[in-house]
>>> print(open('coords.cif').read())   # mmCIF, C-alpha atoms
data_my_file
loop_
_atom_site.label_atom_id
_atom_site.label_comp_id
_atom_site.auth_asym_id
_atom_site.auth_seq_id
_atom_site.Cartn_x
_atom_site.Cartn_y
_atom_site.Cartn_z
CA MET A 21 33.58 42.63 55.80
CA ALA A 22 35.71 43.75 52.88
CA THR A 23 34.30 46.81 51.09
CA TYR A 24 36.39 46.40 47.90
CA SER A 25 36.27 50.19 47.41
CA LYS A 26 39.70 50.41 45.76
CA GLU A 27 39.05 47.38 43.58
CA LEU A 28 35.79 48.94 42.41
CA GLU A 29 37.37 52.31 41.62
CA VAL A 30 40.27 50.74 39.72
CA ALA A 31 37.92 48.42 37.81
CA GLU A 32 35.52 51.23 36.84
CA LEU A 33 38.31 53.54 35.69
CA ALA A 34 40.15 50.73 33.87
CA VAL A 35 37.03 49.73 31.96
CA GLN A 36 36.23 53.39 31.24
CA ARG A 37 39.73 53.97 29.83
CA ALA A 38 39.50 50.82 27.72
CA THR A 39 36.25 52.09 26.16
CA LEU A 40 38.16 55.10 24.80
CA LEU A 41 40.11 52.61 22.69
CA THR A 42 37.16 50.41 21.75
CA LYS A 43 35.09 53.43 20.69
CA LYS A 44 37.89 54.61 18.43
CA VAL A 45 38.12 51.18 16.81
CA PHE A 46 34.32 51.00 16.58
CA HIS A 47 34.35 54.23 14.56
CA GLU A 48 37.11 52.97 12.32
CA LYS A 49 35.10 49.76 11.90
CA ALA A 50 37.86 47.44 13.03
CA LYS A 51 40.43 47.57 10.24
CA GLY A 52 41.62 44.03 10.91
CA THR A 53 40.40 40.79 12.40
CA LEU A 54 42.29 37.73 13.45
CA SER A 55 41.14 34.15 13.79
CA LYS A 56 41.71 32.37 17.08
CA ASP A 57 41.84 28.67 17.85
CA ASP A 58 38.15 28.72 18.75
CA LYS A 59 37.42 30.67 15.53
CA SER A 60 35.67 33.53 17.29
CA PRO A 61 36.44 36.87 15.61
CA VAL A 62 39.02 38.94 17.42
CA THR A 63 39.46 42.61 16.73
CA ILE A 64 42.37 44.86 17.41
CA GLY A 65 40.17 46.40 20.10
CA ASP A 66 40.17 43.11 22.01
CA PHE A 67 43.95 43.06 22.35
CA GLY A 68 44.26 46.77 23.12
CA ALA A 69 41.53 46.80 25.76
CA GLN A 70 42.96 43.69 27.43
CA ALA A 71 46.41 45.28 27.63
CA LEU A 72 45.07 48.50 29.17
CA ILE A 73 42.93 46.76 31.79
CA ILE A 74 45.52 44.19 32.88
CA HIS A 75 48.15 46.93 33.12
CA ALA A 76 45.89 48.77 35.60
CA ILE A 77 45.12 45.62 37.62
CA LYS A 78 48.78 44.62 37.90
CA LYS A 79 49.77 48.17 38.93
CA ASN A 80 47.35 48.11 41.86
CA PHE A 81 47.10 44.42 42.71
CA PRO A 82 50.31 42.79 41.46
CA GLU A 83 49.62 39.41 43.06
CA ASP A 84 46.13 39.04 41.56
CA GLN A 85 45.59 36.66 38.65
CA VAL A 86 43.62 37.45 35.49
CA VAL A 87 41.58 35.10 33.33
CA GLY A 88 41.65 36.91 29.99
CA GLU A 89 40.26 35.97 26.62
CA GLU A 90 43.34 36.83 24.56
CA GLU A 91 47.04 35.96 24.44
CA ALA A 92 49.73 37.72 22.43
CA SER A 93 51.66 35.01 20.56
CA SER A 94 50.06 35.94 17.22
CA LEU A 95 50.97 39.60 17.78
CA ARG A 96 54.60 38.76 18.42
CA GLU A 97 54.70 37.40 14.85
CA ASP A 98 52.34 39.86 13.13
CA THR A 99 54.21 43.13 13.55
CA LYS A 100 51.80 45.12 11.39
CA LEU A 101 48.83 44.24 13.57
CA ARG A 102 50.92 44.66 16.72
CA ASP A 103 51.97 48.18 15.72
CA GLN A 104 48.39 49.08 14.87
CA ILE A 105 47.27 48.01 18.34
CA TRP A 106 50.18 49.83 19.97
CA SER A 107 49.21 53.11 18.29
CA LEU A 108 45.74 52.78 19.81
CA VAL A 109 47.01 51.75 23.26
CA GLU A 110 49.47 54.65 23.30
CA GLY A 111 46.65 57.12 22.64
CA ALA A 112 44.13 55.77 25.15
CA GLU A 113 44.35 58.16 28.08
CA LEU A 114 41.77 59.59 30.48
CA SER A 115 41.86 63.40 30.67
CA ASP A 116 41.87 63.28 34.49
CA SER A 117 45.47 63.08 35.71
CA ASN A 118 44.54 61.53 39.07
CA ALA A 119 42.54 58.79 37.36
CA GLU A 120 45.44 58.06 35.00
CA LYS A 121 47.86 57.97 37.90
CA LEU A 122 45.70 55.45 39.75
CA LEU A 123 45.70 53.20 36.67
CA GLY A 124 49.49 53.30 36.44
CA GLY A 125 49.68 55.83 33.62
CA PRO A 126 50.37 54.84 30.03
CA ILE A 127 51.92 51.50 29.09
CA LYS A 128 55.61 52.21 28.52
CA SER A 129 56.47 50.03 25.50
CA VAL A 130 55.28 47.51 22.94
CA GLY A 131 56.93 44.75 24.96
CA ALA A 132 55.09 45.83 28.10
CA MET A 133 51.82 45.82 26.13
CA LEU A 134 52.41 42.25 24.94
CA ASP A 135 53.37 41.14 28.45
CA ALA A 136 50.18 42.70 29.85
CA ILE A 137 48.06 40.81 27.31
CA ASP A 138 49.83 37.56 28.19
CA ALA A 139 49.25 38.13 31.91
CA GLY A 140 45.62 37.12 31.34
CA ASN A 141 46.67 33.47 31.37
CA SER A 142 45.24 32.31 34.69
CA ALA A 143 43.50 28.94 34.69
CA GLY A 144 40.92 30.30 37.14
CA GLY A 145 39.75 28.20 40.05
CA SER A 146 38.39 28.31 43.59
CA LYS A 147 41.33 29.85 45.46
CA GLY A 148 42.57 33.41 45.72
CA ARG A 149 41.83 36.66 43.89
CA ILE A 150 41.18 36.20 40.19
CA TRP A 151 39.84 38.76 37.72
CA ALA A 152 37.70 37.59 34.78
CA LEU A 153 38.13 39.89 31.78
CA ASP A 154 36.36 40.07 28.44
CA PRO A 155 37.89 43.07 26.67
CA ILE A 156 35.17 43.17 24.01
CA ASP A 157 32.19 40.96 24.75
CA GLY A 158 29.92 40.72 21.74
CA THR A 159 32.61 40.92 19.07
CA LYS A 160 30.12 40.27 16.29
CA GLY A 161 27.87 43.01 17.62
CA PHE A 162 30.91 45.28 17.75
CA LEU A 163 31.75 44.53 14.12
CA ARG A 164 28.20 44.88 12.83
CA GLY A 165 27.49 48.09 14.73
CA GLY A 166 25.30 46.66 17.50
CA GLN A 167 25.85 46.27 21.24
CA TYR A 168 29.07 45.25 22.92
CA ALA A 169 30.52 45.50 26.43
CA VAL A 170 33.89 45.74 28.17
CA CYS A 171 33.54 43.33 31.10
CA LEU A 172 35.56 42.90 34.28
CA ALA A 173 34.85 40.99 37.49
CA LEU A 174 36.87 40.13 40.59
CA MET A 175 36.36 36.68 42.04
CA VAL A 176 37.63 35.84 45.53
CA ASP A 177 37.83 32.11 46.26
CA GLY A 178 35.49 31.50 43.32
CA ASP A 179 32.82 34.01 44.37
CA VAL A 180 32.24 37.21 42.34
CA LYS A 181 32.80 40.26 44.58
CA VAL A 182 33.20 43.20 42.16
CA ALA A 183 31.69 43.63 38.70
CA VAL A 184 31.92 46.32 36.02
CA LEU A 185 30.37 46.53 32.55
CA GLY A 186 31.17 49.34 30.12
CA CYS A 187 28.48 49.58 27.42
CA PRO A 188 29.30 52.43 25.01
CA ASN A 189 26.22 51.99 22.79
CA LEU A 190 23.51 51.74 25.47
CA PRO A 191 21.61 54.91 26.47
CA VAL A 192 22.72 56.64 29.65
CA ASP A 193 19.09 57.05 30.72
CA ASP A 194 18.14 54.07 32.90
CA THR A 195 14.43 54.63 32.26
CA VAL A 196 14.51 53.99 28.49
CA PRO A 197 13.01 50.53 27.83
CA LEU A 198 14.71 48.23 25.35
CA SER A 199 13.21 48.31 21.88
CA ALA A 200 13.29 45.47 19.37
CA ASP A 201 16.04 47.25 17.41
CA ALA A 202 18.33 47.82 20.43
CA GLY A 203 20.87 45.33 19.05
CA VAL A 204 21.28 46.80 15.56
CA ASP A 205 22.50 50.06 14.02
CA GLN A 206 23.70 51.50 17.32
CA THR A 207 26.15 54.32 17.98
CA ASP A 208 27.96 55.90 20.90
CA ALA A 209 26.55 59.35 20.10
CA ASP A 210 25.51 61.90 22.75
CA GLY A 211 23.31 60.34 25.40
CA LYS A 212 24.94 56.95 24.95
CA GLY A 213 27.53 55.13 27.03
CA VAL A 214 26.90 53.66 30.46
CA LEU A 215 29.09 52.11 33.14
CA PHE A 216 27.37 49.49 35.30
CA ALA A 217 28.95 48.27 38.53
CA ALA A 218 28.24 46.19 41.60
CA VAL A 219 29.93 45.01 44.79
CA SER A 220 28.64 41.92 46.55
CA GLY A 221 26.19 42.94 49.26
CA GLN A 222 26.31 46.64 48.31
CA GLY A 223 23.88 46.93 45.40
CA ALA A 224 24.33 47.90 41.76
CA THR A 225 24.84 51.27 40.07
CA SER A 226 25.02 52.97 36.72
CA ARG A 227 26.77 56.13 35.63
CA PRO A 228 27.57 57.79 32.29
CA LEU A 229 30.83 56.78 30.66
CA SER A 230 33.31 59.64 30.65
CA VAL A 231 36.62 60.56 29.03
CA ALA A 232 37.98 61.74 32.39
CA GLY A 233 37.22 60.66 35.97
CA LEU A 234 34.11 58.85 37.15
CA GLU A 235 30.77 60.62 36.77
CA LYS A 236 28.10 60.58 39.50
CA SER A 237 26.49 57.16 39.96
CA GLN A 238 22.94 56.15 40.84
CA SER A 239 21.47 52.92 42.19
CA ILE A 240 19.74 50.62 39.72
CA HIS A 241 17.06 48.02 40.34
CA MET A 242 15.16 45.47 38.30
CA ARG A 243 11.61 46.63 37.71
CA PRO A 244 8.64 44.83 39.28
CA VAL A 245 6.87 42.62 36.71
CA GLU A 246 3.20 42.62 37.68
CA ASP A 247 2.03 41.02 34.42
CA ILE A 248 4.53 38.53 33.03
CA THR A 249 2.86 38.63 29.61
CA GLN A 250 4.15 42.21 29.31
CA ALA A 251 7.73 41.35 30.25
CA ILE A 252 10.58 42.40 27.94
CA PHE A 253 12.57 39.29 27.05
CA CYS A 254 16.21 39.45 25.87
CA GLU A 255 18.30 36.90 24.03
CA SER A 256 21.49 36.69 21.98
CA VAL A 257 21.55 37.71 18.33
CA GLU A 258 23.49 34.65 17.24
CA ALA A 259 21.46 31.44 16.95
CA GLY A 260 24.72 29.56 17.47
CA HIS A 261 25.02 31.08 20.95
CA SER A 262 21.58 30.26 22.28
CA SER A 263 18.54 28.27 21.20
CA HIS A 264 16.10 30.76 19.71
CA GLY A 265 13.56 27.96 19.18
CA ASP A 266 13.50 26.87 22.83
CA GLN A 267 13.45 30.47 24.00
CA PHE A 268 10.51 31.32 21.73
CA ALA A 269 8.61 28.32 23.09
CA ILE A 270 9.30 29.49 26.66
CA ALA A 271 8.24 33.07 25.93
CA THR A 272 5.06 31.78 24.26
CA LYS A 273 4.24 29.57 27.24
CA LEU A 274 4.75 32.55 29.54
CA GLY A 275 2.24 34.48 27.42
CA ILE A 276 4.80 36.99 26.13
CA THR A 277 3.68 38.07 22.68
CA LYS A 278 6.10 40.94 22.09
CA ALA A 279 9.11 40.09 19.94
CA SER A 280 12.29 39.34 21.87
CA VAL A 281 15.04 41.93 22.03
CA ARG A 282 18.09 40.37 20.40
CA MET A 283 21.37 41.98 21.31
CA ASP A 284 24.97 40.93 21.74
CA SER A 285 27.06 40.89 24.91
CA GLN A 286 26.52 41.36 28.61
CA ALA A 287 24.71 44.60 27.76
CA LYS A 288 21.67 42.31 28.24
CA TYR A 289 22.55 41.80 31.90
CA GLY A 290 22.99 45.54 32.43
CA SER A 291 19.74 46.30 30.64
CA ILE A 292 17.60 43.98 32.74
CA ALA A 293 19.39 45.05 35.94
CA ARG A 294 18.17 48.63 35.46
CA GLY A 295 14.67 47.65 34.39
CA ALA A 296 15.05 48.37 30.68
CA GLY A 297 14.31 44.67 30.13
CA ASP A 298 13.10 41.90 32.43
CA ILE A 299 14.14 38.37 31.43
CA TYR A 300 17.34 37.07 29.83
CA LEU A 301 17.49 33.50 28.55
CA ARG A 302 20.52 31.79 27.04
CA LEU A 303 19.80 28.12 26.51
CA PRO A 304 22.46 25.88 25.00
CA VAL A 305 22.33 24.78 21.39
CA LEU A 306 24.93 22.04 21.92
CA ALA A 307 24.72 19.66 24.88
CA ASP A 308 28.47 19.74 25.53
CA TYR A 309 28.96 23.51 25.21
CA GLN A 310 30.55 25.19 28.24
CA GLU A 311 30.09 28.93 28.78
CA LYS A 312 33.23 30.99 29.46
CA ILE A 313 33.35 32.64 32.88
CA TRP A 314 34.30 36.03 31.41
CA ASP A 315 31.04 36.07 29.44
CA HIS A 316 28.90 36.04 32.61
CA ALA A 317 30.80 36.89 35.82
CA ALA A 318 30.21 40.65 35.78
CA GLY A 319 26.62 40.49 34.53
CA ASP A 320 25.68 37.80 37.05
CA LEU A 321 26.63 39.94 40.06
CA ILE A 322 25.14 43.16 38.67
CA VAL A 323 21.75 41.51 38.10
CA ARG A 324 21.74 39.80 41.50
CA GLU A 325 22.69 43.03 43.28
CA ALA A 326 19.89 44.84 41.39
CA GLY A 327 17.26 42.46 42.77
CA GLY A 328 17.44 39.67 40.24
CA GLU A 329 18.21 36.00 40.31
CA VAL A 330 20.58 34.26 37.89
CA THR A 331 20.73 30.48 37.60
CA ASP A 332 21.35 27.83 35.00
CA SER A 333 18.50 25.95 33.32
CA VAL A 334 18.06 23.55 36.25
CA GLY A 335 18.08 26.27 38.91
CA LYS A 336 21.71 26.10 40.12
CA ARG A 337 23.63 29.31 40.80
CA LEU A 338 26.42 29.93 38.30
CA ASP A 339 29.67 28.45 39.63
CA PHE A 340 32.71 30.52 38.66
CA SER A 341 35.16 28.37 40.67
CA LYS A 342 35.65 25.55 38.15
CA GLY A 343 38.30 27.13 35.93
CA ARG A 344 37.88 29.15 32.76
CA THR A 345 34.40 27.78 32.00
CA LEU A 346 31.06 27.28 33.77
CA ALA A 347 31.73 23.56 33.66
CA GLU A 348 28.96 22.70 36.14
CA ASN A 349 26.21 24.82 34.54
CA LYS A 350 24.08 24.59 31.41
CA GLY A 351 22.21 27.63 30.16
CA ILE A 352 21.37 30.97 31.78
CA VAL A 353 18.04 32.10 33.24
CA ALA A 354 18.03 35.67 34.63
CA ALA A 355 14.92 37.42 35.92
CA PRO A 356 13.61 39.45 38.88
CA VAL A 357 13.55 37.37 42.08
CA ALA A 358 9.73 37.51 42.26
CA ILE A 359 9.20 35.78 38.90
CA HIS A 360 12.39 33.76 38.48
CA SER A 361 10.93 30.49 39.82
CA HIS A 362 7.97 30.80 37.45
CA VAL A 363 10.24 31.43 34.46
CA LEU A 364 12.56 28.59 35.52
CA GLY A 365 9.61 26.20 35.81
CA VAL A 366 8.61 26.92 32.23
CA VAL A 367 12.23 26.55 31.08
CA LYS A 368 12.39 23.09 32.68
CA GLU A 369 9.05 22.11 31.16
CA VAL A 370 10.05 23.11 27.63
CA LEU A 371 13.49 21.50 27.84
CA ALA A 372 12.02 18.27 29.29
CA ARG A 373 10.04 17.77 26.08
CA LYS A 374 13.17 17.63 23.94
#
>>> encode(input="coords.cif", output="structure tokens")
Amino acid sequence: MATYSKELEVAELAVQRATLLTKKVFHEKAKGTLSKDDKSPVTIGDFGAQALIIHAIKKNFPEDQVVGEEEASSLREDTKLRDQIWSLVEGAELSDSNAEKLLGGPIKSVGAMLDAIDAGNSAGGSKGRIWALDPIDGTKGFLRGGQYAVCLALMVDGDVKVAVLGCPNLPVDDTVPLSADAGVDQTDADGKGVLFAAVSGQGATSRPLSVAGLEKSQSIHMRPVEDITQAIFCESVEAGHSSHGDQFAIATKLGITKASVRMDSQAKYGSIARGAGDIYLRLPVLADYQEKIWDHAAGDLIVREAGGEVTDSVGKRLDFSKGRTLAENKGIVAAPVAIHSHVLGVVKEVLARK
């Protein structure tokens, strides 16, 4: 059985290096944004982080494909924005020379940076080795000073094998439960910044983010939920991303009276995987909406390897083999294995009434 040890090390270090750039932009409060075809906000951090991560992947696994969120055509025309991103990419370097060497060292030129961004153009699919990359997941959270994540997952023949989430604004301490304000007014001050990871069949871990090599890791597990009425329930901040009304009805039917924890990005997956939260629901607002694979691939594996179950709203496993979207799935239901079927039953009951 493949251990994916090199893939894991490269992915963890690549995400860690990318967070050096995103944290710098976070502190400068994203000087510029750019509109994309799908109108989601894109920051300079998105482009820079994508370039750094794809550069590292292509150095180590040149034949692998990457499904990335960004492409560089707008940067080839907007030289001011391009140069701003280049200055950040140039300066993003881990202080451990061996780690930098493994990642291929610095990107050599502006042209190489643009080419790296454009190498995230895979259509995805069910064959071969394909990485799913979201350079800044939770862009709105990033811009408003909440939670965001740098997300990377390796899929082999459509199945997620390696997953990494870099969450600069989450606490390092795995034992700190999520509070209702976890998604607002966050910083990457001392005691913050965690790197989650998982390999299929090998469990999930967390470790502090570092500016050098990888820090010591520890295993993480979802916590046992003995009384579901006391469960901590997570959902997206944006009502356009998930149906707050349906989710409130489900939480109420489960007997959960505590307010939900609303936070952006796959930081929700990492949080429930280590027992800081328990249940994550993301139910569609629009019937024809298709989730992007890069928004869920890493979090899905990390939660499952930590003792959780992740399905869609009808109980099907998430299928990452259908291209760039979860075309065969609607909604997300993530919870510890022991209570997932109960939560899913209530989800089905509430949605059936619509």
>>> axis_aligned_box(input="coords.cif", around="region 337-349 of chain A", padding_each_side="4 Å", output="lines of an AutoDock Vina configuration file")
center_x = 31.0
center_y = 26.6
center_z = 36.4
size_x = 22.7
size_y = 15.8
size_z = 16.8
>>> closest_residue(input="coords.cif", among="A:Ala69, A:Ile322, A:Ala251, A:Ala38", to="Lys181 (chain A)", atoms="all atoms listed in the file")
A:Ile322
>>> atom_distance(input="coords.cif", atom1="CA of Pro356 (chain A)", atom2="CA of Val281 (chain A)")
17.1 Å
>>> resolve_selection(input="coords.cif", expression="the PyMOL selection byres ((chain A and resi 287-298) around 7)", output="list in words")
Gln167, Tyr168, Ala169, Cys187, Asp194, Thr195, Val196, Pro197, Leu198, Phe216, Ile240, His241, Met242, Arg243, Ala251, Ile252, Phe253, Cys254, Met283, Ser285, Gln286, Ile299, Tyr300, Gly319, Ile322, Val323, Ala326, Ala355 and Pro356 of chain A
>>> write_last_selection(input="coords.cif", atoms="C-alpha atoms", output="PDB file, in the frame of the given file")
ATOM      1  CA  GLN A 167      25.850  46.270  21.240  1.00  0.00           C
ATOM      2  CA  TYR A 168      29.070  45.250  22.920  1.00  0.00           C
ATOM      3  CA  ALA A 169      30.520  45.500  26.430  1.00  0.00           C
ATOM      4  CA  CYS A 187      28.480  49.580  27.420  1.00  0.00           C
ATOM      5  CA  ASP A 194      18.140  54.070  32.900  1.00  0.00           C
ATOM      6  CA  THR A 195      14.430  54.630  32.260  1.00  0.00           C
ATOM      7  CA  VAL A 196      14.510  53.990  28.490  1.00  0.00           C
ATOM      8  CA  PRO A 197      13.010  50.530  27.830  1.00  0.00           C
ATOM      9  CA  LEU A 198      14.710  48.230  25.350  1.00  0.00           C
ATOM     10  CA  PHE A 216      27.370  49.490  35.300  1.00  0.00           C
ATOM     11  CA  ILE A 240      19.740  50.620  39.720  1.00  0.00           C
ATOM     12  CA  HIS A 241      17.060  48.020  40.340  1.00  0.00           C
ATOM     13  CA  MET A 242      15.160  45.470  38.300  1.00  0.00           C
ATOM     14  CA  ARG A 243      11.610  46.630  37.710  1.00  0.00           C
ATOM     15  CA  ALA A 251       7.730  41.350  30.250  1.00  0.00           C
ATOM     16  CA  ILE A 252      10.580  42.400  27.940  1.00  0.00           C
ATOM     17  CA  PHE A 253      12.570  39.290  27.050  1.00  0.00           C
ATOM     18  CA  CYS A 254      16.210  39.450  25.870  1.00  0.00           C
ATOM     19  CA  MET A 283      21.370  41.980  21.310  1.00  0.00           C
ATOM     20  CA  SER A 285      27.060  40.890  24.910  1.00  0.00           C
ATOM     21  CA  GLN A 286      26.520  41.360  28.610  1.00  0.00           C
ATOM     22  CA  ILE A 299      14.140  38.370  31.430  1.00  0.00           C
ATOM     23  CA  TYR A 300      17.340  37.070  29.830  1.00  0.00           C
ATOM     24  CA  GLY A 319      26.620  40.490  34.530  1.00  0.00           C
ATOM     25  CA  ILE A 322      25.140  43.160  38.670  1.00  0.00           C
ATOM     26  CA  VAL A 323      21.750  41.510  38.100  1.00  0.00           C
ATOM     27  CA  ALA A 326      19.890  44.840  41.390  1.00  0.00           C
ATOM     28  CA  ALA A 355      14.920  37.420  35.920  1.00  0.00           C
ATOM     29  CA  PRO A 356      13.610  39.450  38.880  1.00  0.00           C
TER      30      PRO A 356
END
>>> resolve_selection(input="coords.cif", expression="the PyMOL selection byres ((chain A and resi 255-272) around 7)", output="list of chain:residue names")
A:Phe253, A:Cys254, A:Lys273, A:Leu274, A:Gly275, A:Ile276, A:Thr277, A:Ser280, A:Val281, A:Arg282, A:Met283, A:Asp284, A:Tyr300, A:Leu301, A:Arg302, A:Leu303, A:Pro304, A:Val305, A:Val366, A:Val367, A:Val370
>>> resolve_selection(input="coords.cif", expression="the PyMOL selection byres ((chain A and resi 118) around 12)", output="VMD selection string")
chain A and resid 29 to 30 33 113 to 117 119 to 125 232 to 234
>>> closest_residue(input="coords.cif", among="A:Gly65, A:Val363, A:Asp247, A:Val35", to="Gly158 (chain A)", atoms="all atoms listed in the file")
A:Gly65
>>> closest_residue(input="coords.cif", among="A:Gly131, A:Pro126, A:Gly144, A:Gly166", to="Leu346 (chain A)", atoms="only C-alpha atoms")
A:Gly144
>>> residues_near_point(input="coords.cif", point="(34.1, 58.3, 28.0)", cutoff="7 Å", atoms="all atoms listed in the file", output="CSV table (one decimal) with C-alpha atoms, keeping the file's coordinate frame")
chain,number,residue,atom,x,y,z
A,36,GLN,CA,36.2,53.4,31.2
A,39,THR,CA,36.2,52.1,26.2
A,40,LEU,CA,38.2,55.1,24.8
A,229,LEU,CA,30.8,56.8,30.7
A,230,SER,CA,33.3,59.6,30.6
A,231,VAL,CA,36.6,60.6,29.0
A,232,ALA,CA,38.0,61.7,32.4
>>> atom_distance(input="coords.cif", atom1="CA of Glu325 (chain A)", atom2="CA of Ala200 (chain A)")
25.8 Å
>>> atom_distance(input="coords.cif", atom1="CA of Ile156 (chain A)", atom2="CA of Ile73 (chain A)")
11.6 Å
>>> closest_residue(input="coords.cif", among="A:Arg373, A:Arg227, A:Lys147, A:Arg164", to="Asp84 (chain A)", atoms="only C-alpha atoms")
A:Lys147
>>> closest_residue(input="coords.cif", among="A:Ala132, A:Val334, A:Ala76, A:Ala139", to="Ala372 (chain A)", atoms="all atoms listed in the file")
A:Val334
>>> closest_residue(input="coords.cif", among="A:Arg344, A:Pro188, A:Asp157, A:Ile359", to="Thr249 (chain A)", atoms="all atoms listed in the file")
A:Ile359
>>> residues_around(input="coords.cif", residues="Pro155 (chain A)", least_positions_apart="6", cutoff="12 Å", atoms="all atoms listed in the file", output="PyMOL selection string")
chain A and resi 34-39+41-42+62-74+86-91+137+140+162+168-173+184-187+285-286+314-315
>>> build_atoms(input="coords.cif", residues="region 127-141 of chain A", atoms="N, CA, C and O atoms", output="CSV table (one decimal), in the coordinates of the input")
chain,number,residue,atom,x,y,z
A,127,ILE,N,51.0,52.6,29.2
A,127,ILE,CA,51.9,51.5,29.1
A,127,ILE,C,53.2,52.0,28.4
A,127,ILE,O,53.1,52.8,27.4
A,128,LYS,N,54.3,51.6,28.9
A,128,LYS,CA,55.6,52.2,28.5
A,128,LYS,C,56.2,51.8,27.2
A,128,LYS,O,56.9,52.5,26.5
A,129,SER,N,55.8,50.5,26.7
A,129,SER,CA,56.5,50.0,25.5
A,129,SER,C,55.6,48.9,24.9
A,129,SER,O,54.7,48.4,25.5
A,130,VAL,N,56.0,48.6,23.6
A,130,VAL,CA,55.3,47.5,22.9
A,130,VAL,C,55.5,46.2,23.7
A,130,VAL,O,54.5,45.4,23.9
A,131,GLY,N,56.7,46.0,24.2
A,131,GLY,CA,56.9,44.8,25.0
A,131,GLY,C,56.1,44.7,26.2
A,131,GLY,O,55.5,43.6,26.5
A,132,ALA,N,55.9,45.8,26.9
A,132,ALA,CA,55.1,45.8,28.1
A,132,ALA,C,53.6,45.6,27.8
A,132,ALA,O,52.9,44.9,28.5
A,133,MET,N,53.2,46.1,26.6
A,133,MET,CA,51.8,45.8,26.1
A,133,MET,C,51.6,44.3,25.9
A,133,MET,O,50.6,43.8,26.4
A,134,LEU,N,52.5,43.7,25.2
A,134,LEU,CA,52.4,42.2,24.9
A,134,LEU,C,52.4,41.4,26.2
A,134,LEU,O,51.7,40.5,26.4
A,135,ASP,N,53.3,41.8,27.2
A,135,ASP,CA,53.4,41.1,28.4
A,135,ASP,C,52.1,41.3,29.2
A,135,ASP,O,51.6,40.4,29.9
A,136,ALA,N,51.5,42.5,29.2
A,136,ALA,CA,50.2,42.7,29.8
A,136,ALA,C,49.1,41.8,29.3
A,136,ALA,O,48.3,41.2,30.0
A,137,ILE,N,49.0,41.7,28.0
A,137,ILE,CA,48.1,40.8,27.3
A,137,ILE,C,48.3,39.4,27.8
A,137,ILE,O,47.3,38.7,28.2
A,138,ASP,N,49.5,38.9,27.8
A,138,ASP,CA,49.8,37.6,28.2
A,138,ASP,C,49.6,37.3,29.7
A,138,ASP,O,49.5,36.1,30.1
A,139,ALA,N,49.5,38.3,30.5
A,139,ALA,CA,49.2,38.1,31.9
A,139,ALA,C,47.8,37.7,32.2
A,139,ALA,O,47.5,37.4,33.3
A,140,GLY,N,47.0,37.6,31.2
A,140,GLY,CA,45.6,37.1,31.3
A,140,GLY,C,45.5,35.6,31.2
A,140,GLY,O,44.6,35.1,30.6
A,141,ASN,N,46.6,34.9,31.6
A,141,ASN,CA,46.7,33.5,31.4
A,141,ASN,C,46.3,32.6,32.5
A,141,ASN,O,46.6,31.4,32.6
